[in-house]
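Asks: Input: one structure, supplied below.
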Amino acid sequence: DLAIDAAHKSQESWSKSSPVERSTLLLKIADRLEVNLNEIAIAESLDNGKPIRETMAADIPLAVDHLRYFAACIRTQEGSLSEIDNDTIAYHFHEPLGVVGQIIPWNFPILMAIWKIAPALAMGNTVIIKPAPQDPLAVIKLGEVLNSIFPPGVVNVIVGSSPDIGAALVDSPDVNMISFTGSSMVGSKIMESGGKTMKRLLMELGGKGALIMTEDCDIQAAVGGIASVWGFHSGQICTAPTRVICHKSIYEETVNTLKATSEFMTVGDAREESTLVGPVITEAHRDRVEAFIQSGIDDGAEVIVGGERPNMNGYFVAPTLLAGCNPDMHVVKEEAFGPVVVVMSHDGDEHAVELANDSDYGLFSYVYAGNTTRAYDLGRKLESGNVALNSIAPHMYAPFGGFKMSGVGRDRGRWGLEAYSEVQAINWPS
């Protein structure tokens with residue numbers, strides 16, 4: 001209640017600050033994060049088990065890039081001419097929503113926090129950030145940096161393990177928007193509760209990424225893409241291509257190549273530069289992923305790699321490859337959120353698309369084909385908010401979000417900036 005009150009009271013003055021003022025402060029935060037990269041990266045790795053090489057090379061640098069991107073965007077965010085007809089002119093403006101509650105996931109605390117905070121602040125909103133209870137330390141450190149630069153009440157950080165905290169943000173009439181990244185189940189509850197006060201909602205939810213491989217694709221390139229995300233943050237990433245759908249003519253070669261590649265995925269201490277796969281977030285989550293793997297085995301999947309608990313101290317899950325899967329298996333339908341890849345075969349492009357779209361989720365999908373035109377044609381048929389062709393690399397400033405149970409709205413780029421605004425149209429006679 002104190003945080004909501006502080007954000008509410010500071011909203012009017014902050015919303016009246018100029019775009020240049022807001023941009024300047026975002027750039028100061030970017031500079032501060034860059035200087036303190038090691039300290040924050042180490043805090044995040046110690047807190048959630050993510051290998052230090054990931055936080056140093058990806059999470060913090062990308063957070064800095066996002067701050068600078070939105071600092072530049074807001075300087076050019078002006079009113080726009082909408083329509084002119086014979087009698088009327090319409091001009092539209094983007095106005096801040098007010099107080100924004102932001103609920104951050106545990107897999108990318110700093111990156112997701114900046115991903116949400118930067119566009120919200122740039123647009124003139126005040127924010128209340130709630131990091132996940134499993135790993136709040138890096139976000140607390142970030143909050144200290146933010147509060148040393150922004151006016152009081154503009155940025156507020158709330159920590160705690162009770163779901164009542166998030167519920168209070170969603171239920172409060174003084175919170176105008178909820179931005180949430182997490183499970184589809186929680187997202188559904190937020191949508192139901194938020195509707196009572198007609199809150200603006202921006203939600204990036206679960207995924208079960210499909211990766212289609214045609215008979216003429218570059219198998220090594222596709223396997224390299226799968227492997228690069230297979231163990232990334234121990235598979236605790238919603239965009240991971242964990243559902244491999246390869247043509248039956250290359251099925252055996254794909255499985256064997258994945259098996260060989262797995263030998264290079266070093267499991268170990270997150271603080272070691274040589275570690276590619278660190279521990280998962282908690283003991284409970286490790287048990288959940290192991291149960292997920294067992295369900296695949298019980299349903300008839302063949303364990304090609306992994307499937308056992310590594311003999312080391314910590315909540316580790318070995319990179320696991322399950323072959324001989326079919327679309328009715330729980331392990332194929334639902335998200336493991338661990339280093340688990342399943343493989344199915346298809347007998348042609350139409351069948352591949354059918355298998356890929358046979359999912360409640362549609363966040364990020366992938367197509368590897370012999371040429372870009374074929375990959376593009378397949379990609380356009382996929383029920384997915386994002387599709388990568390002959391690559392697993394996302395464009396960091398393209399709109400990001402999902403179809404179906406994978407979310408509502410879009411983050412990143414100008415779409416992410418405008419998501420934190422109300423649009424007002426001014427009309428007058430021409």
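Here's how to read the names in the structure tokens: chain A, B, ... by the order shown, residue numbers from 1 in each chain, ligand numbers from 1 in the order shown.
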Which residues are near A:Thr373? Cut-off 12 Å, only C-alpha atoms, ignore same chain within fewer than 6 positions. Put them as a ChimeraX atom specification.

Replies: /A:367,379-380,389-390

Asks: Go ahead and write the selection's residues with C-alpha atoms as a PDB file, in the first residue's frame.

Replies:
```pdb
ATOM      1  CA  VAL A 367      12.098 -23.327 -39.178  1.00  0.00           C
ATOM      2  CA  GLY A 379       6.931 -19.751 -40.882  1.00  0.00           C
ATOM      3  CA  ARG A 380       3.912 -17.770 -42.071  1.00  0.00           C
ATOM      4  CA  LEU A 389      14.185 -18.847 -39.994  1.00  0.00           C
ATOM      5  CA  ASN A 390      17.381 -20.931 -40.258  1.00  0.00           C
TER       6      ASN A 390
END
```

Asks: Which residues come within 9 Å of stretch 310-313 of chain A, counting only C-alpha atoms, excluding same-chain residues fewer than 3 positions away, as a PyMOL selection string?

Replies: chain A and resi 267-268+306+316-318

Asks: Can you check which residues of stretch 246-369 of chain A DSSP gives as strand (DSSP E) on the backbone and send them as a PyMOL selection string?

Replies: chain A and resi 246-247+302-305+320-323+340-346+361-362+364-368

Asks: Would you mind exporting the chosen residues as a PDB file, in the first residue's frame, restricted to C-alpha atoms?

Replies:
```pdb
ATOM      1  CA  CYS A 246      12.264 -33.230 -38.221  1.00  0.00           C
ATOM      2  CA  HIS A 247      11.555 -34.949 -41.539  1.00  0.00           C
ATOM      3  CA  GLU A 302      13.204 -43.344 -25.551  1.00  0.00           C
ATOM      4  CA  VAL A 303      15.908 -41.685 -23.446  1.00  0.00           C
ATOM      5  CA  ILE A 304      18.835 -40.971 -25.769  1.00  0.00           C
ATOM      6  CA  VAL A 305      20.786 -38.689 -23.446  1.00  0.00           C
ATOM      7  CA  THR A 320      18.009 -34.847 -21.590  1.00  0.00           C
ATOM      8  CA  LEU A 321      16.997 -35.950 -25.098  1.00  0.00           C
ATOM      9  CA  LEU A 322      13.806 -37.960 -25.620  1.00  0.00           C
ATOM     10  CA  ALA A 323      13.164 -39.582 -29.003  1.00  0.00           C
ATOM     11  CA  VAL A 340      14.738 -31.346 -21.968  1.00  0.00           C
ATOM     12  CA  VAL A 341      14.384 -31.721 -25.761  1.00  0.00           C
ATOM     13  CA  VAL A 342      11.830 -34.024 -27.429  1.00  0.00           C
ATOM     14  CA  VAL A 343      12.018 -35.225 -31.038  1.00  0.00           C
ATOM     15  CA  MET A 344       9.173 -36.191 -33.392  1.00  0.00           C
ATOM     16  CA  SER A 345       9.185 -36.980 -37.116  1.00  0.00           C
ATOM     17  CA  HIS A 346       7.036 -35.558 -39.913  1.00  0.00           C
ATOM     18  CA  TYR A 361       1.094 -22.229 -26.854  1.00  0.00           C
ATOM     19  CA  GLY A 362       2.474 -20.010 -29.587  1.00  0.00           C
ATOM     20  CA  PHE A 364       8.451 -18.681 -30.426  1.00  0.00           C
ATOM     21  CA  SER A 365       8.904 -21.210 -33.241  1.00  0.00           C
ATOM     22  CA  TYR A 366      11.728 -22.021 -35.631  1.00  0.00           C
ATOM     23  CA  VAL A 367      12.098 -23.327 -39.178  1.00  0.00           C
ATOM     24  CA  TYR A 368      15.218 -24.813 -40.751  1.00  0.00           C
TER      25      TYR A 368
END
```

Asks: Near stretch 173-176 of chain A, within 6 Å and counting only C-alpha atoms, which residues show up once chain neighbours fewer than 4 positions away are dropped, as a list in words?

Replies: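 So the residues in contact are Gly98, Val99, Val100 and Lys199 of chain A.
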
Asks: Excluding A:Tyr315 and residues on its chain fewer than 4 positions from it, collect all residues at most 9 Å away from it, counting only C-alpha atoms, and give them as a list of chain:residue names.

Replies: A:Gly278, A:Pro279, A:Val280, A:Ile281, A:Thr282, A:Glu283, A:Ala284, A:His285, A:Arg286, A:Asp287, A:Arg309, A:Pro310
